[in-house]
Each structure stands twice: as C-alpha cells, then as structure tokens.
>>> print(open('coords10.cif').read())   # mmCIF, C-alpha atoms
data_model
loop_
_atom_site.group_PDB
_atom_site.id
_atom_site.type_symbol
_atom_site.label_atom_id
_atom_site.label_comp_id
_atom_site.auth_asym_id
_atom_site.auth_seq_id
_atom_site.Cartn_x
_atom_site.Cartn_y
_atom_site.Cartn_z
ATOM 1 C CA MET A 92 148.936 -33.004 178.497
ATOM 2 C CA LYS A 93 148.319 -29.830 180.417
ATOM 3 C CA ASP A 94 151.561 -28.153 181.398
ATOM 4 C CA TYR A 95 152.369 -27.401 185.036
ATOM 5 C CA GLN A 96 151.640 -23.675 185.185
ATOM 6 C CA LYS A 97 150.851 -23.439 188.906
ATOM 7 C CA ILE A 98 152.838 -25.534 191.390
ATOM 8 C CA LEU A 99 152.007 -25.777 195.100
ATOM 9 C CA VAL A 100 155.059 -26.901 197.093
ATOM 10 C CA VAL A 101 154.697 -27.959 200.736
ATOM 11 C CA VAL A 102 157.739 -27.186 202.891
ATOM 12 C CA ASP A 103 158.736 -29.078 206.037
ATOM 13 C CA PRO A 104 159.751 -26.955 209.054
ATOM 14 C CA THR A 105 161.323 -29.987 210.760
ATOM 15 C CA THR A 106 164.159 -30.406 208.248
ATOM 16 C CA GLU A 107 166.928 -28.239 206.848
ATOM 17 C CA ASN A 108 167.058 -29.894 203.429
ATOM 18 C CA GLN A 109 163.939 -28.806 201.529
ATOM 19 C CA VAL A 110 163.998 -31.376 198.715
ATOM 20 C CA ALA A 111 160.446 -30.559 197.610
ATOM 21 C CA LEU A 112 161.228 -26.869 197.188
ATOM 22 C CA ALA A 113 164.360 -27.632 195.172
ATOM 23 C CA ARG A 114 162.401 -30.003 192.906
ATOM 24 C CA ALA A 115 159.521 -27.548 192.466
ATOM 25 C CA VAL A 116 161.942 -24.780 191.490
ATOM 26 C CA THR A 117 163.597 -27.053 188.930
ATOM 27 C CA LEU A 118 160.205 -27.967 187.460
ATOM 28 C CA ALA A 119 159.082 -24.345 187.419
ATOM 29 C CA SER A 120 162.241 -23.340 185.575
ATOM 30 C CA LYS A 121 161.473 -25.891 182.852
ATOM 31 C CA CYS A 122 157.756 -25.042 182.639
ATOM 32 C CA ASN A 123 157.936 -21.298 183.304
ATOM 33 C CA ALA A 124 155.471 -21.968 186.122
ATOM 34 C CA GLN A 125 154.290 -19.973 189.111
ATOM 35 C CA VAL A 126 155.256 -21.488 192.486
ATOM 36 C CA THR A 127 153.496 -21.080 195.819
ATOM 37 C CA VAL A 128 155.502 -22.156 198.871
ATOM 38 C CA PHE A 129 152.928 -23.468 201.336
ATOM 39 C CA LEU A 130 153.077 -24.299 205.035
ATOM 40 C CA SER A 131 150.237 -25.407 207.299
ATOM 41 C CA ILE A 132 151.005 -24.973 211.012
ATOM 42 C CA PHE A 133 149.137 -25.582 214.243
ATOM 43 C CA ASP A 134 150.055 -25.583 217.922
ATOM 44 C CA PHE A 135 147.317 -26.851 220.222
ATOM 45 C CA SER A 136 148.840 -25.049 223.215
ATOM 46 C CA TYR A 137 147.881 -21.714 221.655
ATOM 47 C CA GLU A 138 144.245 -22.806 221.535
ATOM 48 C CA MET A 139 144.242 -23.954 225.180
ATOM 49 C CA THR A 140 145.442 -20.701 226.708
ATOM 50 C CA SER A 141 142.109 -19.829 228.281
ATOM 51 C CA ILE A 142 143.465 -16.866 230.254
ATOM 52 C CA LEU A 143 144.034 -14.995 226.991
ATOM 53 C CA SER A 144 141.347 -13.217 225.029
ATOM 54 C CA ASN A 145 140.491 -14.172 221.457
ATOM 55 C CA GLN A 146 142.408 -11.142 220.230
ATOM 56 C CA GLU A 147 145.502 -12.119 222.239
ATOM 57 C CA ARG A 148 145.370 -15.703 220.958
ATOM 58 C CA GLU A 149 145.020 -14.427 217.405
ATOM 59 C CA ALA A 150 148.016 -12.138 217.910
ATOM 60 C CA MET A 151 150.093 -15.087 219.181
ATOM 61 C CA ARG A 152 149.062 -17.199 216.185
ATOM 62 C CA GLN A 153 149.926 -14.356 213.821
ATOM 63 C CA GLY A 154 153.321 -14.031 215.499
ATOM 64 C CA VAL A 155 154.087 -17.684 214.750
ATOM 65 C CA ILE A 156 152.867 -17.288 211.155
ATOM 66 C CA ASP A 157 155.070 -14.217 210.664
ATOM 67 C CA GLN A 158 158.098 -16.131 211.988
ATOM 68 C CA ARG A 159 157.467 -18.929 209.500
ATOM 69 C CA LEU A 160 156.976 -16.492 206.630
ATOM 70 C CA ALA A 161 160.373 -14.958 207.453
ATOM 71 C CA TRP A 162 161.896 -18.455 207.566
ATOM 72 C CA ILE A 163 160.481 -19.239 204.105
ATOM 73 C CA GLN A 164 161.864 -15.976 202.722
ATOM 74 C CA ASP A 165 165.295 -17.061 203.961
ATOM 75 C CA LEU A 166 164.845 -20.368 202.096
ATOM 76 C CA LEU A 167 163.914 -18.532 198.910
ATOM 77 C CA ALA A 168 167.005 -16.345 198.997
ATOM 78 C CA ALA A 169 168.909 -19.179 197.310
ATOM 79 C CA TYR A 170 166.624 -18.968 194.260
ATOM 80 C CA THR A 171 166.356 -15.204 193.649
ATOM 81 C CA HIS A 172 168.791 -15.394 190.723
ATOM 82 C CA LEU A 173 166.320 -17.577 188.791
ATOM 83 C CA GLN A 174 163.748 -14.759 188.562
ATOM 84 C CA LEU A 175 160.835 -17.132 189.074
ATOM 85 C CA ASN A 176 157.348 -16.111 190.119
ATOM 86 C CA ILE A 177 157.298 -17.423 193.724
ATOM 87 C CA ASP A 178 154.852 -16.452 196.456
ATOM 88 C CA THR A 179 154.302 -17.780 199.993
ATOM 89 C CA GLN A 180 151.337 -18.892 202.050
ATOM 90 C CA VAL A 181 151.346 -19.895 205.737
ATOM 91 C CA ILE A 182 148.028 -21.104 207.172
ATOM 92 C CA TRP A 183 146.990 -21.952 210.727
ATOM 93 C CA HIS A 184 145.097 -25.233 210.395
ATOM 94 C CA ASN A 185 144.880 -28.356 212.534
ATOM 95 C CA ARG A 186 144.646 -30.769 209.570
ATOM 96 C CA PRO A 187 147.520 -30.116 207.156
ATOM 97 C CA PHE A 188 146.250 -32.324 204.343
ATOM 98 C CA GLU A 189 142.908 -30.500 204.283
ATOM 99 C CA SER A 190 144.548 -27.083 204.092
ATOM 100 C CA ILE A 191 146.889 -28.281 201.302
ATOM 101 C CA ILE A 192 144.110 -29.821 199.212
ATOM 102 C CA ASN A 193 141.690 -26.924 199.765
ATOM 103 C CA HIS A 194 144.367 -24.444 198.716
ATOM 104 C CA ALA A 195 145.195 -26.530 195.637
ATOM 105 C CA ILE A 196 141.519 -26.633 194.643
ATOM 106 C CA SER A 197 140.723 -22.965 195.303
ATOM 107 C CA GLY A 198 143.916 -21.809 193.601
ATOM 108 C CA GLN A 199 143.456 -24.174 190.618
ATOM 109 C CA TYR A 200 146.959 -25.606 190.952
ATOM 110 C CA ASP A 201 148.255 -28.167 188.458
ATOM 111 C CA LEU A 202 150.608 -30.024 190.806
ATOM 112 C CA ILE A 203 151.299 -30.524 194.518
ATOM 113 C CA VAL A 204 154.945 -31.162 195.454
ATOM 114 C CA LYS A 205 155.844 -32.511 198.896
ATOM 115 C CA GLY A 206 158.959 -34.030 200.430
ATOM 116 C CA THR A 207 158.677 -37.441 202.019
ATOM 117 C CA HIS A 208 160.745 -40.093 203.764
ATOM 118 C CA ALA A 209 160.361 -43.711 204.781
ATOM 119 C CA HIS A 210 157.615 -44.308 207.313
ATOM 120 C CA ASP A 211 157.348 -46.978 209.943
ATOM 121 C CA LYS A 212 155.051 -49.326 208.031
ATOM 122 C CA LEU A 213 153.254 -50.600 211.122
ATOM 123 C CA LYS A 214 152.495 -47.099 212.361
ATOM 124 C CA ALA A 215 151.498 -46.091 208.833
ATOM 125 C CA VAL A 216 148.596 -48.549 208.970
ATOM 126 C CA ILE A 217 147.333 -47.059 212.232
ATOM 127 C CA PHE A 218 148.374 -43.400 211.935
ATOM 128 C CA THR A 219 147.776 -42.348 208.340
ATOM 129 C CA PRO A 220 150.345 -39.709 207.344
ATOM 130 C CA THR A 221 149.566 -36.562 205.391
ATOM 131 C CA ASP A 222 151.252 -38.119 202.339
ATOM 132 C CA TRP A 223 148.634 -40.843 202.122
ATOM 133 C CA HIS A 224 145.746 -38.392 202.502
ATOM 134 C CA LEU A 225 147.159 -36.317 199.656
ATOM 135 C CA MET A 226 147.527 -39.321 197.366
ATOM 136 C CA ARG A 227 143.986 -40.476 198.116
ATOM 137 C CA LYS A 228 142.141 -37.170 198.166
ATOM 138 C CA ALA A 229 143.972 -34.518 196.130
ATOM 139 C CA PRO A 230 142.303 -34.074 192.720
ATOM 140 C CA VAL A 231 145.571 -32.886 191.114
ATOM 141 C CA PRO A 232 148.791 -34.868 190.577
ATOM 142 C CA VAL A 233 150.932 -35.224 193.722
ATOM 143 C CA LEU A 234 154.718 -35.436 193.431
ATOM 144 C CA MET A 235 156.340 -37.050 196.468
ATOM 145 C CA VAL A 236 160.017 -36.091 196.520
ATOM 146 C CA LYS A 237 162.921 -38.038 197.952
ATOM 147 C CA ALA A 238 166.614 -37.124 197.855
ATOM 148 C CA HIS A 239 167.332 -38.855 194.528
ATOM 149 C CA ASP A 240 168.535 -36.437 191.809
ATOM 150 C CA TRP A 241 166.990 -36.032 188.355
ATOM 151 C CA PRO A 242 170.106 -36.425 186.185
ATOM 152 C CA ALA A 243 170.222 -35.814 182.446
ATOM 153 C CA ALA A 244 169.347 -38.976 180.489
ATOM 154 C CA GLY A 245 167.592 -40.355 183.577
ATOM 155 C CA LYS A 246 164.778 -42.886 183.586
ATOM 156 C CA ILE A 247 161.065 -42.331 184.261
ATOM 157 C CA LEU A 248 159.128 -45.487 185.124
ATOM 158 C CA CYS A 249 155.402 -45.690 184.338
ATOM 159 C CA ALA A 250 153.475 -48.283 186.337
ATOM 160 C CA VAL A 251 150.644 -49.354 184.029
ATOM 161 C CA ASN A 252 147.701 -51.634 184.744
ATOM 162 C CA VAL A 253 146.844 -53.902 181.804
ATOM 163 C CA ALA A 254 145.064 -56.624 183.784
ATOM 164 C CA THR A 255 141.687 -55.237 182.721
ATOM 165 C CA GLU A 256 140.221 -53.781 179.543
ATOM 166 C CA ASP A 257 138.191 -51.332 181.618
ATOM 167 C CA THR A 258 138.036 -47.978 179.802
ATOM 168 C CA ASP A 259 138.829 -45.943 182.918
ATOM 169 C CA HIS A 260 142.017 -47.931 183.541
ATOM 170 C CA GLN A 261 143.059 -47.584 179.901
ATOM 171 C CA MET A 262 142.537 -43.825 180.039
ATOM 172 C CA LEU A 263 144.536 -43.628 183.274
ATOM 173 C CA ASN A 264 147.374 -45.594 181.647
ATOM 174 C CA GLY A 265 147.397 -43.048 178.849
ATOM 175 C CA LYS A 266 147.394 -40.151 181.279
ATOM 176 C CA ILE A 267 150.357 -41.649 183.183
ATOM 177 C CA ILE A 268 152.356 -42.082 179.978
ATOM 178 C CA GLU A 269 151.527 -38.573 178.739
ATOM 179 C CA HIS A 270 152.816 -37.060 181.993
ATOM 180 C CA ALA A 271 155.964 -39.175 181.659
ATOM 181 C CA LYS A 272 156.615 -38.192 178.047
ATOM 182 C CA ASP A 273 156.150 -34.499 178.815
ATOM 183 C CA LEU A 274 158.617 -34.661 181.717
ATOM 184 C CA ALA A 275 161.003 -36.790 179.675
ATOM 185 C CA ASP A 276 161.065 -34.115 176.947
ATOM 186 C CA LYS A 277 161.850 -31.412 179.507
ATOM 187 C CA PHE A 278 164.548 -33.393 181.332
ATOM 188 C CA SER A 279 165.998 -35.476 178.458
ATOM 189 C CA ALA A 280 164.893 -38.704 180.159
ATOM 190 C CA GLU A 281 163.880 -42.182 178.963
ATOM 191 C CA VAL A 282 160.333 -43.461 179.488
ATOM 192 C CA HIS A 283 159.955 -47.068 180.646
ATOM 193 C CA LEU A 284 156.767 -49.087 181.222
ATOM 194 C CA VAL A 285 156.446 -51.629 184.026
ATOM 195 C CA ASN A 286 153.706 -54.141 184.682
ATOM 196 C CA GLY A 287 153.396 -56.936 187.226
ATOM 197 C CA TYR A 288 151.301 -60.015 186.511
ATOM 198 C CA PRO A 289 150.035 -62.551 189.080
ATOM 199 C CA GLY A 290 151.602 -65.975 189.371
ATOM 200 C CA THR A 291 149.622 -69.215 189.445
ATOM 201 C CA PRO A 292 147.207 -69.288 192.406
ATOM 202 C CA VAL A 293 148.473 -71.938 194.831
ATOM 203 C CA ASN A 294 144.972 -73.257 195.549
ATOM 204 C CA LEU A 295 144.431 -74.086 191.855
ATOM 205 C CA ALA A 296 147.578 -76.198 191.697
ATOM 206 C CA ILE A 297 146.523 -78.043 194.870
ATOM 207 C CA GLU A 298 142.821 -78.545 194.073
ATOM 208 C CA LEU A 299 143.297 -79.482 190.399
ATOM 209 C CA PRO A 300 146.020 -82.146 190.052
ATOM 210 C CA ASP A 301 145.918 -81.966 186.225
ATOM 211 C CA PHE A 302 146.246 -78.179 186.221
ATOM 212 C CA ASP A 303 149.224 -77.092 184.071
ATOM 213 C CA ALA A 304 150.708 -74.247 186.118
ATOM 214 C CA GLN A 305 153.519 -73.584 183.662
ATOM 215 C CA SER A 306 151.167 -73.231 180.690
ATOM 216 C CA TYR A 307 148.839 -71.000 182.737
ATOM 217 C CA ASN A 308 151.740 -68.741 183.754
ATOM 218 C CA GLU A 309 152.972 -68.517 180.191
ATOM 219 C CA THR A 310 149.516 -67.532 178.910
ATOM 220 C CA ILE A 311 149.119 -64.782 181.531
ATOM 221 C CA ARG A 312 152.621 -63.470 180.840
ATOM 222 C CA MET A 313 151.983 -63.328 177.076
ATOM 223 C CA GLN A 314 148.683 -61.493 177.574
ATOM 224 C CA HIS A 315 150.365 -58.848 179.705
ATOM 225 C CA GLU A 316 153.334 -58.534 177.355
ATOM 226 C CA GLN A 317 151.026 -58.052 174.349
ATOM 227 C CA ARG A 318 149.001 -55.348 176.104
ATOM 228 C CA VAL A 319 152.096 -53.496 177.330
ATOM 229 C CA SER A 320 153.577 -53.747 173.834
ATOM 230 C CA TYR A 321 150.398 -52.266 172.388
ATOM 231 C CA LEU A 322 150.602 -49.361 174.848
ATOM 232 C CA ALA A 323 154.234 -48.777 173.961
ATOM 233 C CA GLY A 324 153.406 -48.712 170.261
ATOM 234 C CA ALA A 325 150.501 -46.318 170.759
ATOM 235 C CA TYR A 326 152.737 -43.820 172.585
ATOM 236 C CA ASP A 327 155.935 -44.347 170.578
ATOM 237 C CA ILE A 328 157.928 -45.898 173.426
ATOM 238 C CA ASP A 329 160.974 -48.070 172.740
ATOM 239 C CA PRO A 330 159.932 -51.773 172.985
ATOM 240 C CA ASN A 331 163.175 -52.393 174.882
ATOM 241 C CA HIS A 332 161.841 -50.110 177.610
ATOM 242 C CA CYS A 333 158.894 -52.427 178.384
ATOM 243 C CA HIS A 334 159.214 -54.575 181.513
ATOM 244 C CA VAL A 335 156.670 -57.295 182.358
ATOM 245 C CA ASN A 336 157.565 -59.258 185.491
ATOM 246 C CA GLU A 337 155.756 -61.824 187.600
ATOM 247 C CA GLY A 338 154.688 -60.531 191.006
ATOM 248 C CA LEU A 339 152.628 -57.956 192.853
ATOM 249 C CA PRO A 340 152.972 -54.349 191.655
ATOM 250 C CA GLU A 341 154.245 -53.238 195.076
ATOM 251 C CA ASP A 342 157.135 -55.714 194.690
ATOM 252 C CA VAL A 343 157.792 -55.468 190.951
ATOM 253 C CA ILE A 344 157.819 -51.639 190.741
ATOM 254 C CA PRO A 345 160.419 -50.943 193.476
ATOM 255 C CA GLU A 346 162.659 -53.786 192.254
ATOM 256 C CA LEU A 347 162.755 -52.414 188.719
ATOM 257 C CA ALA A 348 163.098 -48.810 189.917
ATOM 258 C CA GLU A 349 166.210 -49.813 191.838
ATOM 259 C CA LYS A 350 167.598 -51.879 188.967
ATOM 260 C CA LEU A 351 167.163 -48.989 186.500
ATOM 261 C CA ASP A 352 168.151 -46.353 189.083
ATOM 262 C CA ALA A 353 164.963 -44.529 188.054
ATOM 263 C CA GLU A 354 164.582 -40.873 188.995
ATOM 264 C CA LEU A 355 160.769 -40.977 189.009
ATOM 265 C CA VAL A 356 157.974 -43.535 189.241
ATOM 266 C CA ILE A 357 154.547 -42.493 187.939
ATOM 267 C CA LEU A 358 151.419 -44.421 188.832
ATOM 268 C CA GLY A 359 147.686 -44.006 189.126
ATOM 269 C CA THR A 360 145.820 -43.954 192.407
ATOM 270 C CA VAL A 361 142.074 -44.394 192.629
ATOM 271 C CA GLY A 362 141.664 -42.517 195.904
ATOM 272 C CA ARG A 363 139.993 -45.098 198.127
ATOM 273 C CA THR A 364 138.777 -43.834 201.474
ATOM 274 C CA GLY A 365 137.289 -45.384 204.566
ATOM 275 C CA PHE A 366 138.260 -48.384 206.666
ATOM 276 C CA SER A 367 139.436 -50.598 203.788
ATOM 277 C CA ALA A 368 141.861 -47.929 202.570
ATOM 278 C CA ALA A 369 143.284 -47.369 206.066
ATOM 279 C CA LEU A 370 143.766 -51.093 206.554
ATOM 280 C CA ILE A 371 144.919 -52.187 203.123
ATOM 281 C CA GLY A 372 146.232 -49.051 201.435
ATOM 282 C CA ASN A 373 146.779 -49.086 197.683
ATOM 283 C CA THR A 374 149.698 -49.668 195.348
ATOM 284 C CA ALA A 375 150.945 -46.083 195.604
ATOM 285 C CA GLU A 376 151.057 -46.267 199.377
ATOM 286 C CA HIS A 377 152.917 -49.581 199.412
ATOM 287 C CA VAL A 378 155.375 -48.402 196.789
ATOM 288 C CA ILE A 379 156.254 -45.046 198.328
ATOM 289 C CA ASP A 380 158.139 -46.549 201.262
ATOM 290 C CA SER A 381 159.945 -49.044 199.055
ATOM 291 C CA ILE A 382 161.478 -46.802 196.397
ATOM 292 C CA ASN A 383 164.393 -44.433 196.687
ATOM 293 C CA CYS A 384 163.195 -41.994 194.038
ATOM 294 C CA ASP A 385 160.362 -39.552 193.456
ATOM 295 C CA LEU A 386 156.802 -40.763 192.991
ATOM 296 C CA LEU A 387 154.104 -38.983 190.978
ATOM 297 C CA ALA A 388 150.572 -40.105 191.842
ATOM 298 C CA ILE A 389 147.883 -39.296 189.284
ATOM 299 C CA LYS A 390 144.096 -39.490 189.571
ATOM 300 C CA PRO A 391 141.728 -40.556 186.782
ATOM 301 C CA ASP A 392 139.954 -37.852 184.784
ATOM 302 C CA GLY A 393 136.760 -36.770 186.488
ATOM 303 C CA TYR A 394 137.996 -37.647 189.973
ATOM 304 C CA LYS A 395 136.361 -35.448 192.617
ATOM 305 C CA SER A 396 138.014 -34.978 195.999
ATOM 306 C CA PRO A 397 135.880 -35.918 199.032
ATOM 307 C CA LEU A 398 136.826 -32.492 200.407
ATOM 308 C CA GLU A 399 134.941 -30.894 197.523
ATOM 309 C CA GLU A 400 131.920 -33.056 198.273
ATOM 310 C CA ALA A 401 131.911 -32.333 202.005
#
>>> encode(input="coords10.cif", output="structure tokens")
Amino acid sequence: MKDYQKILVVVDPTTENQVALARAVTLASKCNAQVTVFLSIFDFSYEMTSILSNQEREAMRQGVIDQRLAWIQDLLAAYTHLQLNIDTQVIWHNRPFESIINHAISGQYDLIVKGTHAHDKLKAVIFTPTDWHLMRKAPVPVLMVKAHDWPAAGKILCAVNVATEDTDHQMLNGKIIEHAKDLADKFSAEVHLVNGYPGTPVNLAIELPDFDAQSYNETIRMQHEQRVSYLAGAYDIDPNHCHVNEGLPEDVIPELAEKLDAELVILGTVGRTGFSAALIGNTAEHVIDSINCDLLAIKPDGYKSPLEEA
C-alpha cells in the first residue's frame, strides 16, 4: 500500500488534550512523514459587525488567526525534539469539513487525522457532525482518534464484508487488510478479521412453518466463515485471528473490539450522501460512537469526493 507521506491533522481548540496531534506525530515518526497541523475557525460575530469596513473586519479575522497560530506553536513545542517536518495552517471558513477536505485534496495528503468523542446519538441524526462529513466525503483515509493507546503487540481489527462477491467490495476488503498489515508491521501489532452475518429473518420462520431456522443459520455461518478464511489465507493472516459472529456489523464490531481491547478498527465506507445517509448513516457512523479505540475509515479505489464534483 502507499505509505503515509503527508498527514493532515485537525486540532481541536476546545480541548487541552490533543489526541489527534499525538497520534499523527507517532505515525509520522514511523513513516518519516510530513505533518500539517490544521485548524478551521469561524466566528459569525466578526461577519456581522457592519460598522466596520472590510479592511477592519479582515484585520480582526487575521488577529484571531494569528492567535491560533501562536497557540498551535505552543502545542508543537512538545515535539521539537523529534525533528519532524511539521507545518501549520489556520483557515477562516464557516464549514470546517469543507476546508479540511479541500485542503487534503489540494495538498495531496495521504491521511486525515482527527480527534473525536462520543456524540449524542439522537442529535447526531439531526445535526451531522464534522466527523461524519469527513467519513462520507473525504477521498483519503480518515483516522478518528480516541484516547486509547497503541501499545506494542496491540490488535488491529479489520471489518470485512464477505456477504457479496461484488468485485468492488472484494477490492475494498483487500485495501482494508493492506492498510492493517502495513500499520501492524510499523507498530508490532496483530491483524484480526471480523465479520458479522445476519440471523434467520423472523418473518421466514413465521410464514414457513417447515422452515429449518437452525440449518439456515448454519449454512449462512459456514459461507461467511469460508470466505473470511479465504481472505485470511490470501493475506497470510493467522486463522485464529478470524472472527465470524452472528449479528449486525454495528453490534459485532464494537463487541469484539472491546473483547480484544483493540487499538484500531479499520473499515470501509462508501460515502453515501443525501437524506438517506443523514437518516440512516452507515456502519462506520454507527460504530464510531460504540468503540473505545481509534477508527480508520477507507474509501474504495476511484472514489471521488462530492466536493471535487461541485
């Protein structure tokens, strides 16, 4: 896989503990990568000050940007001994996710790193957070960082989809595993595969009295186990690190991540947009609030951000 040579890390001015910056620095140290510390800020009150001229408003905005740049330099003081290539970028923009994605595209970054925390799930359906926009619309991998450490001999969990033989899904599975193996080599971690398979539909058992639910379940389980085993063999992954469990991915993945005390979950996200995405979300969005470790969301090859198409 392509190494992470350019990392864009988004800092959070509302918190003292910059987990994303710490993670990005650790990654950069392993990959010898360039890091850009990025902040998108906006204060509507500065735009509403009608008694000021355009030049005065611009000067006020620049004053805020300069303050934030100085704050970031203070953050970076803790990492000067590492002699990494780190630069900073503060942008005045009223839609943070757009400024992040546009900067990632124009700068040809390999990875976006951003800190996150549990959201109120009800509000998340109505008020889509920046995290969700990034996972849907960023064309590069997005690493969502929580406070969980990446210890030596840790565990990286790949969420694979083997329910279909669709070529695009198979290629995305491969891409997920390749990212995992590369990170595992750098951090001396184990790679595990996880897959959830659906249980017997209740309506079938009710409508068809002779329907053998147990046999049906067993057949589905064996199909999924065989496909996961094939994936493991193709990528030289320990068969004992394959986990096939009954249930929805958004339930199975967090449960196993907690059981293994995984440091990272990697999954694919197809980038749905529009009303259905806002209402339903996708697996990545359901999982992110339910796991206590980092999440790396990866797009299929050839994915084009709607911001590029606009």
>>> closest_residue(input="coords10.cif", among="A:Glu269, A:Glu309, A:Glu107, A:Glu349", to="Leu322 in chain A", atoms="only C-alpha atoms")
A:Glu269
>>> resolve_selection(input="coords10.cif", expression="the PyMOL selection byres ((chain A and resi 230) around 8)", output="list in words")
Ile192, Ile196, Lys228, Ala229, Val231, Pro232, Lys390, Tyr394, Lys395 and Ser396 of chain A
>>> resolve_selection(input="coords10.cif", expression="the PyMOL selection byres ((chain A and resi 115-132) around 8)", output="PyMOL selection string")
chain A and resi 94-103+111-114+133-134+156+163+170+173+175-185+187+190-191+204+277
>>> closest_residue(input="coords10.cif", among="A:Thr207, A:Thr360, A:Asn193, A:Gln164", to="Cys384 in chain A", atoms="all atoms listed in the file")
A:Thr207
>>> axis_aligned_box(input="coords10.cif", around="range 377-386 of chain A", padding_each_side="5 Å", output="AutoDock Vina command-line options")
--center_x 158.7 --center_y -44.6 --center_z 197.1 --size_x 21.5 --size_y 20.0 --size_z 18.3
>>> closest_residue(input="coords10.cif", among="A:Tyr288, A:Tyr307, A:Trp241, A:Phe188", to="Val319 in chain A", atoms="all atoms listed in the file")
A:Tyr288
>>> resolve_selection(input="coords10.cif", expression="the PyMOL selection byres ((chain A and resi 342) around 12)", output="PyMOL selection string")
chain A and resi 250+285-289+336-341+343-349+374-375+377-382
>>> closest_residue(input="coords10.cif", among="A:Pro104, A:Ala243, A:Ile203, A:Leu398", to="Arg159 in chain A", atoms="all atoms listed in the file")
A:Pro104
>>> residues_near_point(input="coords10.cif", point="(150.4, -41.0, 180.4)", cutoff="10 Å", atoms="all atoms listed in the file", output="list in words")
Met92, Cys249, Ala250, Val251, Gln261, Met262, Leu263, Asn264, Gly265, Lys266, Ile267, Ile268, Glu269, His270, Ala271, Lys272, Asp273, Tyr326, Ile357, Leu358, Gly359 and Ile389 of chain A
>>> atom_distance(input="coords10.cif", atom1="CA of Gly198 in chain A", atom2="CA of Ile247 in chain A")
28.3 Å
>>> atom_distance(input="coords10.cif", atom1="CA of Asp240 in chain A", atom2="CA of Asp385 in chain A")
8.9 Å
>>> atom_distance(input="coords10.cif", atom1="CA of Leu202 in chain A", atom2="CA of Leu234 in chain A")
7.3 Å
>>> closest_residue(input="coords10.cif", among="A:Val253, A:Val356, A:Leu166, A:Leu284", to="His315 in chain A", atoms="all atoms listed in the file")
A:Val253
>>> closest_residue(input="coords10.cif", among="A:Ala238, A:Lys205, A:Tyr321, A:Met313", to="Trp223 in chain A", atoms="all atoms listed in the file")
A:Lys205
